[in-house]
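Heads up, final12.cif below (mmCIF, C-alpha atoms and all ligand atoms):
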data_model
#
loop_
_atom_site.label_atom_id
_atom_site.label_comp_id
_atom_site.auth_asym_id
_atom_site.auth_seq_id
_atom_site.Cartn_x
_atom_site.Cartn_y
_atom_site.Cartn_z
CA MET A 1 -0.60 0.66 22.50
CA PHE A 2 -1.26 -1.97 19.86
CA GLU A 3 0.36 -5.36 20.02
CA VAL A 4 1.66 -6.37 16.60
CA ARG A 5 2.83 -9.92 15.96
CA PRO A 6 2.70 -12.57 13.22
CA SER A 7 -0.60 -14.43 12.99
CA SER A 8 -0.36 -17.90 14.46
CA ASP A 9 -3.34 -19.80 13.03
CA ALA A 10 -5.93 -19.75 10.26
CA SER A 11 -8.38 -17.69 12.29
CA GLU A 12 -5.90 -14.89 13.07
CA PHE A 13 -4.58 -15.03 9.53
CA GLY A 14 -8.08 -14.67 8.10
CA ARG A 15 -9.05 -11.77 10.35
CA ALA A 16 -5.77 -9.95 9.64
CA VAL A 17 -6.17 -10.37 5.87
CA ASP A 18 -9.78 -9.27 6.15
CA ALA A 19 -8.64 -5.79 7.18
CA ILE A 20 -7.81 -5.09 3.54
CA GLY A 21 -10.94 -7.06 2.62
CA GLN A 22 -12.93 -4.13 4.07
CA TYR A 23 -11.78 -2.08 1.07
CA PHE A 24 -10.81 -4.49 -1.73
CA ALA A 25 -11.57 -8.12 -2.04
CA GLY A 26 -14.79 -8.61 -0.11
CA PRO A 27 -15.50 -11.29 2.50
CA LEU A 28 -12.90 -14.02 2.93
CA THR A 29 -14.14 -17.54 2.45
CA GLU A 30 -12.34 -20.54 3.94
CA GLU A 31 -11.41 -21.57 0.41
CA ARG A 32 -9.74 -18.22 -0.24
CA ILE A 33 -7.80 -18.39 3.01
CA ASP A 34 -6.65 -21.90 2.07
CA ARG A 35 -5.37 -20.66 -1.25
CA PHE A 36 -3.74 -17.56 0.15
CA LYS A 37 -1.81 -19.33 2.90
CA GLN A 38 -0.02 -21.39 0.23
CA VAL A 39 1.76 -18.28 -1.00
CA LEU A 40 1.76 -16.24 2.23
CA PRO A 41 2.81 -18.27 5.29
CA PHE A 42 0.96 -17.46 8.56
CA ASP A 43 4.08 -16.02 10.14
CA ARG A 44 4.48 -13.54 7.26
CA MET A 45 1.05 -12.04 8.01
CA HIS A 46 1.35 -9.55 10.87
CA ALA A 47 -1.77 -8.76 12.84
CA ALA A 48 -2.37 -5.71 15.05
CA PHE A 49 -4.35 -6.39 18.23
CA GLU A 50 -6.26 -4.09 20.56
CA ASP A 51 -7.67 -5.76 23.66
CA GLY A 52 -7.37 -9.14 21.93
CA GLU A 53 -9.28 -7.99 18.82
CA ILE A 54 -7.54 -7.83 15.45
CA VAL A 55 -7.71 -4.28 14.08
CA GLY A 56 -5.25 -4.45 11.17
CA GLY A 57 -3.00 -6.67 9.10
CA ALA A 58 0.10 -6.44 6.91
CA GLY A 59 1.66 -9.28 4.88
CA ALA A 60 5.03 -9.87 3.22
CA PHE A 61 5.53 -12.55 0.57
CA PRO A 62 8.90 -14.32 0.92
CA PHE A 63 10.19 -13.36 -2.53
CA GLN A 64 13.35 -14.01 -4.46
CA PHE A 65 13.55 -10.79 -6.43
CA SER A 66 15.73 -9.72 -9.36
CA VAL A 67 17.94 -6.68 -8.84
CA PRO A 68 20.53 -5.39 -11.35
CA GLY A 69 22.78 -8.37 -12.08
CA GLY A 70 21.45 -10.64 -9.34
CA VAL A 71 18.64 -11.99 -7.16
CA LEU A 72 17.98 -11.08 -3.50
CA PRO A 73 15.56 -12.24 -0.80
CA CYS A 74 12.85 -9.59 -0.57
CA GLY A 75 9.79 -8.90 1.57
CA GLY A 76 6.98 -8.47 -0.96
CA VAL A 77 4.65 -6.26 1.08
CA THR A 78 0.97 -6.95 0.47
CA VAL A 79 -2.58 -6.84 1.92
CA VAL A 80 -1.91 -3.89 4.22
CA GLY A 81 -5.09 -2.74 5.89
CA VAL A 82 -6.56 -1.20 9.01
CA TYR A 83 -10.21 -1.74 10.01
CA PRO A 84 -12.19 1.48 9.45
CA THR A 85 -13.10 1.52 13.16
CA HIS A 86 -9.41 2.06 14.01
CA ARG A 87 -8.12 4.39 11.31
CA ARG A 88 -5.57 7.13 12.05
CA ARG A 89 -4.62 5.90 15.48
CA GLY A 90 -1.17 4.68 14.50
CA VAL A 91 -2.06 1.06 13.65
CA LEU A 92 -0.38 1.23 10.24
CA ARG A 93 2.72 2.82 11.73
CA ALA A 94 2.98 0.08 14.38
CA MET A 95 2.56 -2.63 11.72
CA MET A 96 5.11 -1.11 9.33
CA ASP A 97 7.57 -0.87 12.19
CA ALA A 98 7.10 -4.53 13.23
CA GLN A 99 7.12 -5.76 9.64
CA LEU A 100 10.36 -3.97 8.71
CA ARG A 101 12.08 -5.32 11.84
CA ASP A 102 10.89 -8.81 10.93
CA ILE A 103 12.15 -8.47 7.33
CA HIS A 104 15.49 -7.27 8.71
CA GLU A 105 15.76 -10.20 11.13
CA ARG A 106 15.02 -12.60 8.27
CA GLU A 107 17.96 -11.06 6.40
CA GLU A 108 15.90 -9.93 3.47
CA PRO A 109 17.85 -6.78 2.54
CA ILE A 110 15.05 -5.21 0.50
CA ALA A 111 11.28 -4.83 0.58
CA ALA A 112 9.04 -4.00 -2.37
CA LEU A 113 5.38 -3.09 -2.84
CA TRP A 114 2.73 -1.72 -5.15
CA ALA A 115 1.08 1.25 -3.47
CA SER A 116 -2.71 1.41 -3.64
CA GLU A 117 -2.29 5.03 -2.59
CA GLU A 118 0.96 6.78 -3.42
CA THR A 119 0.64 9.00 -0.36
CA ILE A 120 1.21 6.27 2.21
CA TYR A 121 4.62 4.63 2.00
CA GLY A 122 7.23 7.38 1.57
CA ARG A 123 7.13 8.06 5.32
CA PHE A 124 8.21 4.46 5.95
CA GLY A 125 11.30 4.72 3.73
CA TYR A 126 9.87 3.37 0.46
CA GLY A 127 10.82 5.19 -2.73
CA LEU A 128 9.21 5.04 -6.16
CA ALA A 129 11.62 2.76 -8.05
CA ALA A 130 9.97 1.66 -11.31
CA TRP A 131 7.45 2.97 -13.84
CA CYS A 132 4.94 1.10 -15.94
CA GLY A 133 2.08 2.03 -18.21
CA GLU A 134 -0.95 0.91 -20.14
CA ILE A 135 -1.77 0.95 -23.82
CA THR A 136 -5.01 1.08 -25.80
CA LEU A 137 -4.19 0.14 -29.38
CA PRO A 138 -6.76 0.15 -32.22
CA ARG A 139 -6.44 -2.98 -34.36
CA THR A 140 -5.85 -0.84 -37.43
CA TRP A 141 -2.54 0.42 -36.02
CA THR A 142 -0.77 -2.83 -35.17
CA ALA A 143 1.71 -2.99 -38.08
CA TYR A 144 5.37 -3.46 -37.29
CA ALA A 145 7.87 -0.98 -38.75
CA GLN A 146 10.03 -3.78 -40.17
CA PRO A 147 9.17 -7.12 -41.77
CA LEU A 148 9.24 -10.00 -39.31
CA GLU A 149 10.31 -13.45 -40.36
CA ARG A 150 8.16 -15.80 -38.29
CA ARG A 151 10.02 -18.96 -37.45
CA GLY A 152 8.05 -20.25 -34.49
CA ARG A 153 4.73 -21.99 -34.01
CA VAL A 154 2.01 -20.84 -31.61
CA ARG A 155 -0.26 -23.37 -29.91
CA PHE A 156 -2.87 -23.37 -27.16
CA VAL A 157 -2.05 -25.00 -23.85
CA THR A 158 -4.13 -26.04 -20.83
CA PRO A 159 -3.49 -24.43 -17.43
CA GLU A 160 -1.74 -27.66 -16.38
CA GLU A 161 0.64 -27.49 -19.37
CA ALA A 162 1.13 -23.78 -18.84
CA ALA A 163 2.25 -24.45 -15.26
CA MET A 164 5.12 -26.49 -16.72
CA LEU A 165 5.91 -24.43 -19.83
CA PHE A 166 5.57 -20.80 -18.69
CA PRO A 167 8.03 -20.73 -15.73
CA PRO A 168 11.29 -21.06 -17.76
CA VAL A 169 10.21 -18.09 -19.90
CA TRP A 170 9.44 -16.04 -16.77
CA GLU A 171 12.82 -17.02 -15.33
CA ALA A 172 14.52 -15.76 -18.50
CA LEU A 173 12.79 -12.42 -17.89
CA MET A 174 14.02 -12.51 -14.31
CA ARG A 175 17.61 -12.89 -15.55
CA GLU A 176 17.15 -10.08 -18.05
CA ARG A 177 15.42 -7.45 -15.93
CA PRO A 178 15.41 -6.15 -12.36
CA GLY A 179 12.04 -5.96 -10.62
CA VAL A 180 10.82 -9.53 -11.27
CA PHE A 181 9.91 -11.89 -8.41
CA GLN A 182 10.20 -15.64 -8.71
CA ARG A 183 6.84 -17.38 -8.95
CA THR A 184 6.60 -20.59 -6.97
CA LYS A 185 4.59 -23.57 -8.27
CA ALA A 186 1.72 -22.57 -5.98
CA TRP A 187 1.89 -18.98 -7.24
CA TRP A 188 1.63 -20.09 -10.88
CA GLU A 189 -1.25 -22.42 -10.17
CA LEU A 190 -3.25 -20.37 -7.68
CA ARG A 191 -2.57 -16.78 -8.62
CA ARG A 192 -1.59 -16.71 -12.27
CA LEU A 193 -3.30 -19.62 -14.01
CA ARG A 194 -6.36 -20.35 -11.86
CA ILE A 195 -9.59 -19.33 -13.55
CA PRO A 196 -12.02 -17.80 -11.03
CA ASP A 197 -15.62 -19.03 -11.17
CA GLU A 198 -16.90 -15.69 -12.45
CA GLU A 199 -14.56 -15.91 -15.49
CA LYS A 200 -15.24 -19.52 -16.39
CA ALA A 201 -17.77 -18.60 -19.11
CA ASN A 202 -15.07 -16.61 -20.93
CA PRO A 203 -11.71 -17.72 -19.55
CA VAL A 204 -8.28 -16.39 -20.42
CA ARG A 205 -6.60 -18.09 -23.37
CA LEU A 206 -3.12 -19.50 -22.87
CA VAL A 207 -0.66 -19.93 -25.75
CA VAL A 208 3.02 -20.74 -26.13
CA LEU A 209 5.45 -19.98 -28.92
CA GLU A 210 7.72 -22.88 -29.82
CA LEU A 211 10.89 -21.74 -31.50
CA ASP A 212 14.03 -23.74 -32.23
CA SER A 213 12.39 -26.73 -30.50
CA SER A 214 11.72 -25.07 -27.16
CA VAL A 215 9.04 -22.87 -25.62
CA GLN A 216 10.39 -19.33 -25.81
CA ALA A 217 7.35 -17.16 -25.20
CA TYR A 218 3.81 -17.23 -23.87
CA ALA A 219 0.71 -15.07 -23.83
CA ILE A 220 -2.33 -14.82 -21.56
CA TYR A 221 -5.28 -12.88 -22.98
CA ARG A 222 -9.04 -12.72 -23.20
CA GLN A 223 -11.53 -11.51 -25.81
CA LEU A 224 -14.24 -9.27 -24.35
CA PRO A 225 -16.91 -9.17 -27.06
CA SER A 226 -19.25 -6.24 -27.56
CA PHE A 227 -21.14 -4.64 -30.41
CA GLU A 228 -21.88 -1.09 -31.38
CA GLY A 229 -24.32 -0.32 -34.19
CA GLY A 230 -24.12 -3.94 -35.32
CA SER A 231 -20.33 -4.01 -35.65
CA SER A 232 -17.85 -5.65 -33.32
CA ASN A 233 -16.44 -3.30 -30.75
CA ALA A 234 -14.60 -6.08 -28.88
CA ARG A 235 -11.63 -5.53 -26.61
CA LEU A 236 -8.66 -7.84 -26.47
CA ASP A 237 -7.61 -7.81 -22.85
CA VAL A 238 -3.94 -8.85 -22.78
CA SER A 239 -2.82 -9.74 -19.28
CA GLU A 240 0.70 -11.08 -19.81
CA VAL A 241 2.98 -11.56 -22.82
CA ILE A 242 6.56 -12.59 -22.14
CA GLY A 243 9.34 -13.63 -24.52
CA ALA A 244 12.69 -15.14 -23.63
CA SER A 245 14.51 -13.44 -26.52
CA PRO A 246 13.91 -10.45 -28.84
CA GLN A 247 12.82 -12.77 -31.69
CA ALA A 248 10.41 -14.64 -29.43
CA THR A 249 8.98 -11.37 -28.07
CA ALA A 250 8.45 -10.00 -31.59
CA GLU A 251 6.76 -13.24 -32.71
CA ILE A 252 4.44 -13.70 -29.75
CA TRP A 253 3.31 -10.08 -29.90
CA ARG A 254 2.70 -10.45 -33.66
CA TYR A 255 0.45 -13.41 -32.88
CA VAL A 256 -1.50 -11.42 -30.29
CA LEU A 257 -1.80 -8.30 -32.44
CA ASP A 258 -3.08 -10.33 -35.41
CA ILE A 259 -5.95 -12.01 -33.57
CA ASP A 260 -9.16 -11.27 -35.45
CA TRP A 261 -12.32 -9.56 -34.39
CA TYR A 262 -11.20 -7.12 -31.76
CA ALA A 263 -11.41 -3.37 -32.16
CA THR A 264 -9.00 -2.35 -29.42
CA LEU A 265 -6.21 -4.11 -27.61
CA GLU A 266 -5.59 -3.22 -23.99
CA CYS A 267 -2.52 -4.12 -21.99
CA SER A 268 -1.16 -2.65 -18.77
CA LEU A 269 1.99 -2.82 -16.63
CA LEU A 270 4.34 -2.39 -19.61
CA PRO A 271 7.76 -0.84 -18.97
CA VAL A 272 8.73 2.33 -20.85
CA ASP A 273 11.49 0.46 -22.74
CA HIS A 274 9.31 -2.47 -23.85
CA ALA A 275 10.20 -3.84 -27.30
CA LEU A 276 6.67 -3.18 -28.53
CA PHE A 277 7.34 0.55 -28.73
CA THR A 278 10.09 0.06 -31.32
CA LEU A 279 8.43 -2.90 -33.05
CA LEU A 280 5.28 -0.92 -33.83
CA ALA A 281 5.42 1.35 -36.86
CA ASN A 282 3.20 3.91 -35.09
CA PRO A 283 3.68 3.55 -31.33
CA ARG A 284 1.89 6.85 -30.69
CA ARG A 285 -1.37 5.07 -31.55
CA ALA A 286 -0.96 2.88 -28.46
CA ARG A 287 -1.48 6.01 -26.30
CA TYR A 288 0.91 4.86 -23.58
CA ARG A 289 -0.07 6.20 -20.14
CA MET A 290 2.66 5.96 -17.54
CA ALA A 291 2.19 5.49 -13.81
CA ASP A 292 4.24 4.31 -10.86
CA SER A 293 4.98 0.65 -10.43
CA LEU A 294 7.22 -0.77 -7.68
CA TRP A 295 8.22 1.06 -4.53
CA MET A 296 11.48 -0.14 -3.00
CA ARG A 297 12.74 -0.06 0.59
CA LEU A 298 16.37 -0.78 1.43
CA VAL A 299 15.90 -2.63 4.72
CA ASP A 300 19.62 -3.31 5.13
CA VAL A 301 21.46 -0.59 3.19
CA GLY A 302 24.85 -2.35 3.25
CA ALA A 303 23.55 -5.75 2.10
CA ALA A 304 21.21 -4.21 -0.48
CA LEU A 305 23.91 -2.05 -2.06
CA SER A 306 26.39 -4.95 -2.05
CA GLY A 307 23.76 -7.29 -3.50
CA ARG A 308 23.36 -5.70 -6.93
CA GLU A 309 25.83 -5.20 -9.76
CA TYR A 310 26.88 -1.82 -11.10
CA ALA A 311 27.66 -0.23 -14.45
CA SER A 312 31.11 0.86 -13.24
CA ASP A 313 33.45 0.35 -10.30
CA GLY A 314 33.63 3.95 -9.07
CA SER A 315 33.35 4.96 -5.43
CA ILE A 316 30.75 7.12 -3.72
CA VAL A 317 29.88 7.91 -0.09
CA PHE A 318 26.24 8.29 0.95
CA ASP A 319 25.04 9.85 4.18
CA VAL A 320 21.76 8.01 4.76
CA ARG A 321 18.88 9.23 6.93
CA ASP A 322 16.48 6.54 8.11
CA ALA A 323 14.14 7.34 10.98
CA VAL A 324 12.23 4.02 10.77
CA CYS A 325 15.21 1.61 10.53
CA PRO A 326 17.92 3.42 12.53
CA TRP A 327 20.47 0.66 11.86
CA ASN A 328 20.84 2.14 8.35
CA GLU A 329 21.63 5.67 9.51
CA GLY A 330 25.01 7.18 8.73
CA ARG A 331 27.69 7.06 6.09
CA TRP A 332 28.11 4.19 3.62
CA LYS A 333 30.89 3.89 1.08
CA LEU A 334 30.13 2.00 -2.12
CA GLU A 335 33.31 0.93 -3.85
CA GLY A 336 34.06 -1.86 -6.32
CA GLY A 337 30.47 -3.06 -6.01
CA SER A 338 30.36 -3.50 -2.25
CA ALA A 339 29.16 -1.18 0.51
CA ALA A 340 30.62 -0.71 3.99
CA ARG A 341 30.37 1.81 6.81
CA THR A 342 32.87 4.65 6.56
CA ASP A 343 34.11 7.78 8.33
CA ALA A 344 34.98 9.41 5.00
CA ALA A 345 33.23 12.64 4.03
CA ALA A 346 29.87 12.10 2.31
CA ASP A 347 29.35 12.89 -1.37
CA ILE A 348 25.54 12.71 -1.26
CA ALA A 349 23.14 13.05 1.69
CA LEU A 350 19.66 11.58 1.25
CA ASP A 351 16.75 9.75 2.86
CA VAL A 352 16.74 5.97 2.52
CA GLY A 353 13.63 6.19 0.31
CA GLU A 354 15.55 8.17 -2.33
CA LEU A 355 18.25 5.50 -2.35
CA GLY A 356 15.43 2.98 -2.86
CA SER A 357 14.23 5.04 -5.84
CA ALA A 358 17.67 4.86 -7.47
CA TYR A 359 18.26 1.21 -6.58
CA LEU A 360 16.84 -0.58 -9.63
CA GLY A 361 18.13 2.00 -12.13
CA ALA A 362 14.82 3.58 -13.14
CA VAL A 363 15.30 6.91 -11.34
CA SER A 364 18.62 8.73 -11.68
CA PHE A 365 20.41 10.67 -8.98
CA ALA A 366 20.25 13.68 -11.33
CA GLN A 367 16.45 13.41 -11.31
CA LEU A 368 16.46 13.15 -7.53
CA ARG A 369 18.73 16.21 -7.25
CA ASP A 370 16.54 18.17 -9.68
CA GLY A 371 13.51 17.14 -7.64
CA LEU A 372 15.19 18.59 -4.52
CA ARG A 373 15.35 15.14 -2.97
CA LEU A 374 19.04 14.91 -2.15
CA GLU A 375 21.98 17.10 -1.25
CA GLU A 376 25.05 16.92 -3.48
CA LEU A 377 27.95 17.55 -1.09
CA SER A 378 30.94 17.17 -3.42
CA ASP A 379 31.46 18.41 -6.98
CA GLY A 380 30.29 15.94 -9.63
CA ALA A 381 28.96 13.43 -7.06
CA VAL A 382 25.58 13.04 -8.75
CA GLN A 383 27.15 12.40 -12.13
CA ARG A 384 29.51 9.85 -10.55
CA ALA A 385 26.66 8.10 -8.74
CA ASP A 386 24.68 7.88 -11.98
CA ALA A 387 27.65 6.38 -13.84
CA ILE A 388 27.77 3.68 -11.14
CA PHE A 389 24.04 2.95 -10.71
CA GLU A 390 22.84 3.24 -14.32
CA TRP A 391 21.24 -0.02 -15.50
CA ARG A 392 19.50 -1.23 -18.66
CA PRO A 393 17.02 -2.69 -19.33
CA LEU A 394 14.76 -0.82 -16.94
CA PRO A 395 13.03 -2.68 -14.10
CA TRP A 396 9.76 -4.40 -14.95
CA CYS A 397 7.32 -6.06 -12.60
CA PRO A 398 4.58 -7.55 -14.80
CA GLU A 399 2.26 -8.43 -11.89
CA ILE A 400 0.69 -6.42 -9.10
CA PHE A 401 1.08 -8.21 -5.78
C1 LIG B 1 -4.06 3.34 4.59
C2 LIG B 1 -4.26 2.70 5.95
C3 LIG B 1 -3.52 1.35 5.97
C4 LIG B 1 -3.73 3.65 7.02
O1 LIG B 1 -3.78 3.09 8.32
P1 LIG B 1 -3.89 3.98 9.67
O2 LIG B 1 -3.74 3.04 10.82
O3 LIG B 1 -5.05 4.84 9.58
O4 LIG B 1 -2.56 4.88 9.58
P2 LIG B 1 -1.75 5.51 10.82
O5 LIG B 1 -2.72 6.07 11.82
O6 LIG B 1 -0.75 4.53 11.35
O7 LIG B 1 -0.99 6.67 10.09
C5 LIG B 1 0.43 6.73 9.94
C6 LIG B 1 0.75 7.97 9.14
O8 LIG B 1 0.31 7.78 7.78
C7 LIG B 1 -0.61 8.81 7.39
N1 LIG B 1 -1.60 8.17 6.53
C8 LIG B 1 -2.33 7.09 6.81
N2 LIG B 1 -3.11 6.76 5.76
C9 LIG B 1 -2.88 7.68 4.82
C10 LIG B 1 -3.39 7.88 3.51
N3 LIG B 1 -4.31 7.07 3.00
N4 LIG B 1 -2.93 8.92 2.78
C11 LIG B 1 -1.99 9.75 3.32
N5 LIG B 1 -1.46 9.60 4.56
C12 LIG B 1 -1.91 8.58 5.29
C13 LIG B 1 -1.19 9.31 8.68
O9 LIG B 1 -1.66 10.61 8.56
C14 LIG B 1 0.03 9.23 9.60
O10 LIG B 1 0.90 10.30 9.28
P3 LIG B 1 1.86 10.96 10.38
O11 LIG B 1 2.78 9.86 10.84
O12 LIG B 1 2.57 12.03 9.63
O13 LIG B 1 0.99 11.43 11.47
C15 LIG B 1 -5.71 2.43 6.24
O14 LIG B 1 -6.41 3.63 6.19
C16 LIG B 1 -6.38 1.48 5.27
O15 LIG B 1 -6.49 0.31 5.56
N6 LIG B 1 -6.82 1.98 4.08
C17 LIG B 1 -7.42 1.18 3.01
C18 LIG B 1 -6.54 0.09 2.45
C19 LIG B 1 -5.27 0.56 1.83
O16 LIG B 1 -5.23 1.52 1.09
N7 LIG B 1 -4.18 -0.19 2.11
C20 LIG B 1 -2.91 -0.05 1.50
C21 LIG B 1 -2.77 -1.26 0.65
S1 LIG B 1 -1.18 -1.46 -0.07
#

Please render this file's structure as structure tokens.
Amino acid sequence: MFEVRPSSDASEFGRAVDAIGQYFAGPLTEERIDRFKQVLPFDRMHAAFEDGEIVGGAGAFPFQFSVPGGVLPCGGVTVVGVYPTHRRRGVLRAMMDAQLRDIHEREEPIAALWASEETIYGRFGYGLAAWCGEITLPRTWTAYAQPLERRGRVRFVTPEEAAMLFPPVWEALMRERPGVFQRTKAWWELRRLRIPDEEKANPVRLVVLELDSSVQAYAIYRQLPSFEGGSSNARLDVSEVIGASPQATAEIWRYVLDIDWYATLECSLLPVDHALFTLLANPRRARYRMADSLWMRLVDVGAALSGREYASDGSIVFDVRDAVCPWNEGRWKLEGGSAARTDAAADIALDVGELGSAYLGAVSFAQLRDGLRLEELSDGAVQRADAIFEWRPLPWCPEIF
């Protein structure tokens, strides 16, 4: 009923992106389209047409994405929207279908997204695969449990310097943790470091930590001043703090926590196993609130399973159900770190979304079994699968895309 195809020029691209603009970002200017197309190529923005009119859009960033022990090409699904005039007529379904086929043809074995509504994507084979949370920490409770010997030096940098100095630190994070996508030069400049006009009066501050003669950590934050009863009630809004080593992480966070004149520090998108929670003497005071982070979709089950490393070499047979990408359906044997089709009896039967949930190591098969989300067909299969898939540290995606 609807034709869905990649947008072919700036006008189609703009109208397809503007479907989500109906709900989120407001009207698209030419300048915004120009910026956006530098990170999202036209042919990665699908548009849905009815009688020649664009009625929806769905994009996929061409990511390189860290998985346990490696990096895989990944469709980073974004700006999914349907014009309110055409809701609940199957436009989203048609777009998801076309987009997943496109991702498959491009040989990106996985797709990932942040869900604006958690009710939408399970039906398309995405599973909740990482957690994150926010903290609100009063300045009075920022002491570390143990003394920290500070060896590094913190200095301010311009956005231009940051574009050179931050990426190696981010890439160290990418090697350490699953769930991180590589930021291109354009991404750093246009999406991470660009200061929008409305923030120019009080822009983010950019600092690096130099340690052992190299940049090993950075922080991006902003003071939001306010007063109550004559006293400062300011918030320190911390948008990204990354260290390339435990020492660097401890030092850069110490710098941020010690900044004067804020009452409360706020930071979001932190993983449950972030170093801050053991560095702080009283982590309870940060009032960590957990929510879902990445949703993962195994677009090519065999390539995705073979593309990550495992905690052990054991073998396990999955019987996978996948109504949206039927090429994944059936039995897959994972053995010695690689997956292939098999006729052997299955140990675990599950929907592809549940396999996506387990993929990065944040959700165990035992949790999925206890949540009635898989069938354990042979004795001890869940325990065996967990011994194979377990991975630390947990996945962390520090940016919503
Ligand atoms: C969410 C949105 C994309 C849905 O598009 P749509 O074309 O109305 O969806 P479809 O008609 O293709 O529905 C497909 C299925 O998803 C379900 N569905 C759609 N939107 C849903 C929602 N918000 N919550 C729960 N279920 C939803 C439909 O009921 C249908 O289910 P079924 O297959 O069991 O019948 C659209 O309403 C929209 O643009 N919303 C605002 C922006 C947004 O939230 N985008 C997601 C950004 S990541």

Inset, instruction - Write out as a list in words the residues lying within 9 Å of A:Pro395, counting all atoms listed in the file and excluding same-chain residues fewer than 3 positions away. - result: Ser66, Val67, Pro68, Ala129, Ala130, Trp131, Arg177, Pro178, Gly179, Val180, Pro271, Leu294, Leu360, Gly361, Ala362, Trp391 and Arg392 of chain A

For C-alpha atoms, I'd like the residues from the last selection saved as a compact mmCIF listing (two decimals), keeping the file's coordinate frame.
# COMPACT_ATOMS: atom_id res chain seq x y z
CA SER A 66 15.73 -9.72 -9.36
CA VAL A 67 17.94 -6.68 -8.84
CA PRO A 68 20.53 -5.39 -11.35
CA ALA A 129 11.62 2.76 -8.05
CA ALA A 130 9.97 1.66 -11.31
CA TRP A 131 7.45 2.97 -13.84
CA ARG A 177 15.42 -7.45 -15.93
CA PRO A 178 15.41 -6.15 -12.36
CA GLY A 179 12.04 -5.96 -10.62
CA VAL A 180 10.82 -9.53 -11.27
CA PRO A 271 7.76 -0.84 -18.97
CA LEU A 294 7.22 -0.77 -7.68
CA LEU A 360 16.84 -0.58 -9.63
CA GLY A 361 18.13 2.00 -12.13
CA ALA A 362 14.82 3.58 -13.14
CA TRP A 391 21.24 -0.02 -15.50
CA ARG A 392 19.50 -1.23 -18.66

Write out as JSON lines the residues of chain A that have any atom within 7 Å of an atom of ligand LIG 1 (chain B), one row each with the nearest atom pair and its distance in Å to one decimal, counting all atoms listed in the file, sorted by chain and then rising number.
{"residue": "A:Ala19", "atom": "CA", "partner": "B:LIG1", "partner_atom": "O15", "distance": 6.7}
{"residue": "A:Ile20", "atom": "CA", "partner": "B:LIG1", "partner_atom": "C18", "distance": 5.4}
{"residue": "A:Tyr23", "atom": "CA", "partner": "B:LIG1", "partner_atom": "C17", "distance": 5.8}
{"residue": "A:Thr78", "atom": "CA", "partner": "B:LIG1", "partner_atom": "S1", "distance": 5.9}
{"residue": "A:Val79", "atom": "CA", "partner": "B:LIG1", "partner_atom": "C21", "distance": 5.7}
{"residue": "A:Val80", "atom": "CA", "partner": "B:LIG1", "partner_atom": "C21", "distance": 4.5}
{"residue": "A:Gly81", "atom": "CA", "partner": "B:LIG1", "partner_atom": "O15", "distance": 3.4}
{"residue": "A:Val82", "atom": "CA", "partner": "B:LIG1", "partner_atom": "O15", "distance": 3.8}
{"residue": "A:Tyr83", "atom": "CA", "partner": "B:LIG1", "partner_atom": "O15", "distance": 6.2}
{"residue": "A:Pro84", "atom": "CA", "partner": "B:LIG1", "partner_atom": "O14", "distance": 7.0}
{"residue": "A:His86", "atom": "CA", "partner": "B:LIG1", "partner_atom": "O2", "distance": 6.6}
{"residue": "A:Arg87", "atom": "CA", "partner": "B:LIG1", "partner_atom": "O3", "distance": 3.6}
{"residue": "A:Arg88", "atom": "CA", "partner": "B:LIG1", "partner_atom": "O5", "distance": 3.0}
{"residue": "A:Arg89", "atom": "CA", "partner": "B:LIG1", "partner_atom": "O5", "distance": 4.1}
{"residue": "A:Gly90", "atom": "CA", "partner": "B:LIG1", "partner_atom": "O6", "distance": 3.2}
{"residue": "A:Val91", "atom": "CA", "partner": "B:LIG1", "partner_atom": "O2", "distance": 3.8}
{"residue": "A:Leu92", "atom": "CA", "partner": "B:LIG1", "partner_atom": "O6", "distance": 3.5}
{"residue": "A:Arg93", "atom": "CA", "partner": "B:LIG1", "partner_atom": "O6", "distance": 3.9}
{"residue": "A:Ala94", "atom": "CA", "partner": "B:LIG1", "partner_atom": "O6", "distance": 6.5}
{"residue": "A:Trp114", "atom": "CA", "partner": "B:LIG1", "partner_atom": "S1", "distance": 6.4}
{"residue": "A:Ala115", "atom": "CA", "partner": "B:LIG1", "partner_atom": "S1", "distance": 4.9}
{"residue": "A:Ser116", "atom": "CA", "partner": "B:LIG1", "partner_atom": "S1", "distance": 4.8}
{"residue": "A:Glu117", "atom": "CA", "partner": "B:LIG1", "partner_atom": "O16", "distance": 5.9}
{"residue": "A:Thr119", "atom": "CA", "partner": "B:LIG1", "partner_atom": "C11", "distance": 4.6}
{"residue": "A:Ile120", "atom": "CA", "partner": "B:LIG1", "partner_atom": "C11", "distance": 4.9}

Inset, instruction - Just give me the gap between atom CA of A:Gln367 and atom CA of A:Val382 in Å, one decimal is fine. - result: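 We find that atom CA of A:Gln367 and atom CA of A:Val382 lie 9.5 Å from each other.
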
Legend entry - For A:Gly243, the nearest of the candidates A:Gly52, A:Gly314, A:Pro167, A:Pro196, counting only C-alpha atoms: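 Between A:Gly52, A:Gly314, A:Pro167, A:Pro196, the residue approaching A:Gly243 most closely is A:Pro167.
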
Legend entry - Residues near stretch 201-206 of chain A, cut-off 6 Å, all atoms listed in the file, skip fewer than 2 positions along chain, as a count of residues only: 7

Can you pull out every residue within 6 Å of A:Val208, counting all atoms listed in the file, but drop anything in the same chain fewer than 4 positions away, and send it as a PDB file with C-alpha atoms, in the coordinates of the input?
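File out_25.pdb, as written:
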ATOM      1  CA  VAL A 154       2.010 -20.840 -31.610  1.00  0.00           C
ATOM      2  CA  ARG A 155      -0.260 -23.370 -29.910  1.00  0.00           C
ATOM      3  CA  ALA A 217       7.350 -17.160 -25.200  1.00  0.00           C
ATOM      4  CA  TYR A 218       3.810 -17.230 -23.870  1.00  0.00           C
TER       5      TYR A 218
END
